[in-house]
Amino acid sequence: MHDRDFYKDSLFGVAIGDAVGVPYEFRSREAIARNPAKDMVGYGTYDLPPGTWSDDASLTFCLADALCTDFDLQKIANNFLAWRYDNFWTARGEVFDVGMTTQRAIERLAKKVRPDLAGDFDASSNGNGSLMRILPLLFHIKNMPITERYDIVRKVSSITHGHIRSAIACFYYLEFGRQLLSNDDLTEAYHETNAHVKAFFNKTTIVKEEIAIFDRLFNGDIPNLEMNDINSSGYVVHTLEASIWCLMKTGCYRDAILLAVNLGSDTDTTAAVTGGLAGLLYSYDNIPEDWRLKLARKKDIEDLAERLRQKFTK
């Protein structure tokens with residue numbers, strides 16, 4: 001495990017999952033079931049070539065790019081602004097998809113609102129827009145005490161999604177990723193994550209009702225659920241549950257991504273979030289070679305992964 005390039009694994013894991021899901025976005029599970037996703041294809045929803053990733057990977061790369069220098073919320077926010085208004089870290093030179101909550105936050109950032117206060121804080125604004133981009137933060141926080149890890153995750157989530165539920169989802173996801181850095185036993189990593197994340201939150205002042213929303217994860221039930229029990233909407237809890245379910249129902253990167261896409265609805269984000277963990281679990285080399293070759297800006301992503309590696313392996 002110590003010889004692995006987790007930086008490359010995670011960035012390509014997110015981007016390739018995103019790209020496989022893009023052509024199917026907004027299609028229902030029933031519609032996709034009539035012609036299931038079996039490969040990386042193009043066109044579809046946005047009429048874009050194969051290998052095109054969306055806002056999920058773009059904002060992931062914006063965060064990763066900012067982390068290559070000293071940790072700075074304003075730098076992250078500036079990168080998000082550059083993406084939205086100057087096409088920074090877009091797949092093919094244009095922004096073609098942006099969530100409403102993220103758009104509102106970016107408009108506040110443009111008006112110089114402090115980054116950790118820019119996201120919506122109401123319970124109805126718990127889309128998956130901070131979860132989908134959060135994975136690179138793992139490398140900044142992985143060796144910190146758990147309280148500090150959570151505090152930083154909450155602040156970075158709040159740049160676009162300020163409600164505590166989004167922060168809990170992002171934290172759970174990164175803690176799962178943190179387990180996968182040293183443990184390739186997926187079932188063990190899942191139960192370890194549940195045990196220490198639930199114990200941590202039970203010691204905090206977070207209202208118990210918010211923690212209880214994640215009970216299907218914490219109680220270890222997710223792997224035992226059927227597809228009909230799994231939702232794949234843009235709601236952050238649905239995306240988190242679906243990604244863990246897809247990971248635990250399959251045995252390789254390709255199968256995890258295709259299962260995520262075939263859930264329908266928010267296909268690109270479900271697959272991107274699944275892909276981040278699947279990349280950490282299985283490695284870049286386990287991703288189908290033809291998917292890697294089709295990916296937009298492959299060399300730029302490799303360069304970004306190398307800059308991250310140099311930053312965090314000094």
# chains A, B, ... in the order shown; residues from 1 in each chain; ligands from 1

$ select_by_dssp --residues "range 137-292 of chain A" --states "alpha helix (DSSP H)" --output "MDAnalysis selection string"
chainID A and resid 137:141 146:158 164:180 186:202 208:212 215:218 236:248 253:262 267:282 289:292

$ residues_around --residues "Thr313 in chain A" --least-positions-apart "3" --cutoff "12 Å" --atoms "only C-alpha atoms" --output "PDB file with C-alpha atoms, in the first residue's frame"
ATOM      1  CA  HIS A   2       2.849   2.410   0.739  1.00  0.00           C
ATOM      2  CA  ASP A   3       4.064   2.371  -2.876  1.00  0.00           C
ATOM      3  CA  ASP A   5       0.196   6.935  -5.821  1.00  0.00           C
ATOM      4  CA  PHE A   6      -3.007   7.791  -3.999  1.00  0.00           C
ATOM      5  CA  TYR A   7      -2.970  11.314  -5.480  1.00  0.00           C
ATOM      6  CA  CYS A  68      -0.615  22.465  -3.788  1.00  0.00           C
ATOM      7  CA  PHE A 139      -4.219  14.635   1.900  1.00  0.00           C
ATOM      8  CA  HIS A 140      -4.105  17.877   3.871  1.00  0.00           C
ATOM      9  CA  ALA A 305      -1.496  14.673  -9.103  1.00  0.00           C
ATOM     10  CA  GLU A 306       2.293  14.990  -9.220  1.00  0.00           C
ATOM     11  CA  ARG A 307       2.150  18.481  -7.705  1.00  0.00           C
ATOM     12  CA  LEU A 308      -0.042  17.142  -4.907  1.00  0.00           C
ATOM     13  CA  ARG A 309       2.356  14.247  -4.348  1.00  0.00           C
ATOM     14  CA  GLN A 310       5.314  16.622  -4.096  1.00  0.00           C
TER      15      GLN A 310
END

$ residues_around --residues "Asp285 in chain A" --least-positions-apart "5" --cutoff "10 Å" --atoms "only C-alpha atoms" --output "PyMOL selection string"
chain A and resi 8-9+253+279+292

$ residues_around --residues "Val98 in chain A" --least-positions-apart "2" --cutoff "9 Å" --atoms "only C-alpha atoms" --output "VMD selection string"
chain A and resid 54 to 56 84 95 to 96 100 to 103 129

$ write_last_selection --atoms "C-alpha atoms" --output "PDB file, in the first residue's frame"
ATOM      1  CA  SER A  54     -18.305  18.051 -15.367  1.00  0.00           C
ATOM      2  CA  ASP A  55     -18.395  20.370 -12.362  1.00  0.00           C
ATOM      3  CA  ASP A  56     -17.722  17.434 -10.008  1.00  0.00           C
ATOM      4  CA  ARG A  84     -17.199  29.551 -12.940  1.00  0.00           C
ATOM      5  CA  VAL A  95     -18.766  25.297 -17.755  1.00  0.00           C
ATOM      6  CA  PHE A  96     -21.837  23.306 -18.811  1.00  0.00           C
ATOM      7  CA  MET A 100     -27.972  26.031  -7.844  1.00  0.00           C
ATOM      8  CA  THR A 101     -26.566  26.042  -4.313  1.00  0.00           C
ATOM      9  CA  THR A 102     -23.013  26.207  -5.642  1.00  0.00           C
ATOM     10  CA  GLN A 103     -23.978  29.019  -8.025  1.00  0.00           C
ATOM     11  CA  GLY A 129     -22.049  19.903  -4.286  1.00  0.00           C
TER      12      GLY A 129
END

$ closest_atom_pairs --of "range 219-307 of chain A" --to "range 171-178 of chain A" --cutoff "12 Å" --atoms "only C-alpha atoms" --output "Markdown table"
| residue | atom | partner | partner_atom | distance |
| --- | --- | --- | --- | --- |
| A:Val236 | CA | A:Tyr173 | CA | 11.0 |
| A:Val237 | CA | A:Tyr172 | CA | 10.7 |
| A:Thr239 | CA | A:Tyr173 | CA | 10.6 |
| A:Leu240 | CA | A:Tyr173 | CA | 7.3 |
| A:Glu241 | CA | A:Tyr173 | CA | 9.9 |
| A:Ala242 | CA | A:Tyr173 | CA | 11.8 |
| A:Ser243 | CA | A:Tyr173 | CA | 9.4 |
| A:Ile244 | CA | A:Tyr173 | CA | 8.8 |
| A:Leu247 | CA | A:Phe176 | CA | 11.5 |
| A:Val273 | CA | A:Tyr173 | CA | 8.8 |
| A:Thr274 | CA | A:Tyr173 | CA | 10.0 |
| A:Gly275 | CA | A:Gly177 | CA | 11.3 |
| A:Gly276 | CA | A:Gly177 | CA | 8.3 |
| A:Leu277 | CA | A:Gly177 | CA | 6.1 |
| A:Ala278 | CA | A:Gly177 | CA | 9.4 |
| A:Gly279 | CA | A:Gly177 | CA | 9.9 |
| A:Leu280 | CA | A:Gly177 | CA | 7.1 |
| A:Leu281 | CA | A:Gly177 | CA | 8.5 |

$ decode --residues "range 181-282 of chain A" --atoms "C-alpha atoms" --output "mmCIF file, in the first residue's frame"
data_model
loop_
_atom_site.group_PDB
_atom_site.id
_atom_site.type_symbol
_atom_site.label_atom_id
_atom_site.label_comp_id
_atom_site.auth_asym_id
_atom_site.auth_seq_id
_atom_site.Cartn_x
_atom_site.Cartn_y
_atom_site.Cartn_z
ATOM 1 C CA LEU A 181 -5.034 4.724 2.639
ATOM 2 C CA SER A 182 -3.855 1.981 4.976
ATOM 3 C CA ASN A 183 -6.440 -0.791 4.717
ATOM 4 C CA ASP A 184 -7.482 -2.580 1.521
ATOM 5 C CA ASP A 185 -10.039 -4.735 3.351
ATOM 6 C CA LEU A 186 -13.197 -2.884 2.311
ATOM 7 C CA THR A 187 -15.539 -4.421 4.879
ATOM 8 C CA GLU A 188 -13.103 -3.710 7.686
ATOM 9 C CA ALA A 189 -12.580 -0.143 6.464
ATOM 10 C CA TYR A 190 -16.348 0.402 6.413
ATOM 11 C CA HIS A 191 -16.890 -0.840 9.960
ATOM 12 C CA GLU A 192 -13.861 1.031 11.291
ATOM 13 C CA THR A 193 -15.153 4.238 9.712
ATOM 14 C CA ASN A 194 -18.609 3.758 11.185
ATOM 15 C CA ALA A 195 -17.264 3.074 14.671
ATOM 16 C CA HIS A 196 -14.909 6.017 15.014
ATOM 17 C CA VAL A 197 -17.019 8.593 13.122
ATOM 18 C CA LYS A 198 -20.140 7.786 15.122
ATOM 19 C CA ALA A 199 -18.175 7.868 18.386
ATOM 20 C CA PHE A 200 -16.693 11.234 17.436
ATOM 21 C CA PHE A 201 -20.040 12.811 16.575
ATOM 22 C CA ASN A 202 -21.676 11.482 19.728
ATOM 23 C CA LYS A 203 -19.103 13.474 21.728
ATOM 24 C CA THR A 204 -19.888 16.722 19.908
ATOM 25 C CA THR A 205 -22.677 19.239 20.438
ATOM 26 C CA ILE A 206 -24.219 18.434 17.047
ATOM 27 C CA VAL A 207 -27.926 17.779 17.486
ATOM 28 C CA LYS A 208 -28.687 14.061 17.642
ATOM 29 C CA GLU A 209 -31.352 14.337 14.938
ATOM 30 C CA GLU A 210 -28.691 15.307 12.387
ATOM 31 C CA ILE A 211 -26.439 12.412 13.374
ATOM 32 C CA ALA A 212 -29.403 10.014 13.187
ATOM 33 C CA ILE A 213 -29.924 10.906 9.510
ATOM 34 C CA PHE A 214 -26.787 8.843 8.817
ATOM 35 C CA ASP A 215 -27.947 5.768 10.750
ATOM 36 C CA ARG A 216 -28.138 3.508 7.694
ATOM 37 C CA LEU A 217 -24.405 4.047 7.265
ATOM 38 C CA PHE A 218 -23.428 4.014 10.934
ATOM 39 C CA ASN A 219 -25.394 0.855 11.665
ATOM 40 C CA GLY A 220 -23.592 -1.090 8.953
ATOM 41 C CA ASP A 221 -26.775 -1.719 6.964
ATOM 42 C CA ILE A 222 -25.731 -0.320 3.588
ATOM 43 C CA PRO A 223 -24.173 -3.485 2.052
ATOM 44 C CA ASN A 224 -27.319 -5.475 2.856
ATOM 45 C CA LEU A 225 -29.710 -3.149 1.011
ATOM 46 C CA GLU A 226 -31.214 -3.846 -2.405
ATOM 47 C CA MET A 227 -31.059 -1.400 -5.306
ATOM 48 C CA ASN A 228 -34.656 -0.319 -4.692
ATOM 49 C CA ASP A 229 -33.592 0.806 -1.208
ATOM 50 C CA ILE A 230 -30.909 3.116 -2.615
ATOM 51 C CA ASN A 231 -31.700 6.625 -3.829
ATOM 52 C CA SER A 232 -29.525 8.433 -6.364
ATOM 53 C CA SER A 233 -30.851 11.967 -6.271
ATOM 54 C CA GLY A 234 -28.705 15.054 -5.754
ATOM 55 C CA TYR A 235 -29.359 15.038 -1.980
ATOM 56 C CA VAL A 236 -26.063 14.668 -0.141
ATOM 57 C CA VAL A 237 -27.169 11.773 2.083
ATOM 58 C CA HIS A 238 -28.480 9.850 -0.920
ATOM 59 C CA THR A 239 -25.208 10.352 -2.802
ATOM 60 C CA LEU A 240 -23.082 9.270 0.149
ATOM 61 C CA GLU A 241 -25.160 6.148 0.791
ATOM 62 C CA ALA A 242 -25.259 5.267 -2.905
ATOM 63 C CA SER A 243 -21.499 5.611 -3.304
ATOM 64 C CA ILE A 244 -20.730 3.378 -0.332
ATOM 65 C CA TRP A 245 -23.325 0.860 -1.552
ATOM 66 C CA CYS A 246 -21.864 0.766 -5.081
ATOM 67 C CA LEU A 247 -18.372 0.313 -3.692
ATOM 68 C CA MET A 248 -19.391 -2.531 -1.409
ATOM 69 C CA LYS A 249 -21.577 -4.356 -3.953
ATOM 70 C CA THR A 250 -18.788 -4.690 -6.517
ATOM 71 C CA GLY A 251 -15.223 -5.951 -6.764
ATOM 72 C CA CYS A 252 -13.448 -3.591 -9.145
ATOM 73 C CA TYR A 253 -13.386 0.039 -10.241
ATOM 74 C CA ARG A 254 -15.259 -0.537 -13.508
ATOM 75 C CA ASP A 255 -18.152 -2.398 -11.917
ATOM 76 C CA ALA A 256 -18.531 0.151 -9.114
ATOM 77 C CA ILE A 257 -18.777 3.034 -11.607
ATOM 78 C CA LEU A 258 -21.227 1.293 -13.934
ATOM 79 C CA LEU A 259 -23.440 0.349 -10.993
ATOM 80 C CA ALA A 260 -23.428 3.986 -9.854
ATOM 81 C CA VAL A 261 -24.407 5.241 -13.304
ATOM 82 C CA ASN A 262 -27.141 2.634 -13.692
ATOM 83 C CA LEU A 263 -28.791 3.952 -10.530
ATOM 84 C CA GLY A 264 -29.914 6.894 -12.681
ATOM 85 C CA SER A 265 -30.739 10.514 -11.794
ATOM 86 C CA ASP A 266 -27.576 12.334 -10.610
ATOM 87 C CA THR A 267 -25.378 9.853 -12.436
ATOM 88 C CA ASP A 268 -22.223 11.929 -12.814
ATOM 89 C CA THR A 269 -21.997 12.854 -9.151
ATOM 90 C CA THR A 270 -22.897 9.415 -7.806
ATOM 91 C CA ALA A 271 -20.216 7.949 -10.076
ATOM 92 C CA ALA A 272 -17.659 10.653 -9.227
ATOM 93 C CA VAL A 273 -18.102 10.161 -5.473
ATOM 94 C CA THR A 274 -18.022 6.378 -5.899
ATOM 95 C CA GLY A 275 -15.007 6.730 -8.176
ATOM 96 C CA GLY A 276 -12.959 8.670 -5.662
ATOM 97 C CA LEU A 277 -13.126 5.860 -3.105
ATOM 98 C CA ALA A 278 -12.850 3.157 -5.777
ATOM 99 C CA GLY A 279 -9.674 4.827 -7.048
ATOM 100 C CA LEU A 280 -8.203 4.750 -3.537
ATOM 101 C CA LEU A 281 -9.252 1.127 -3.063
ATOM 102 C CA TYR A 282 -8.262 -0.349 -6.412
#
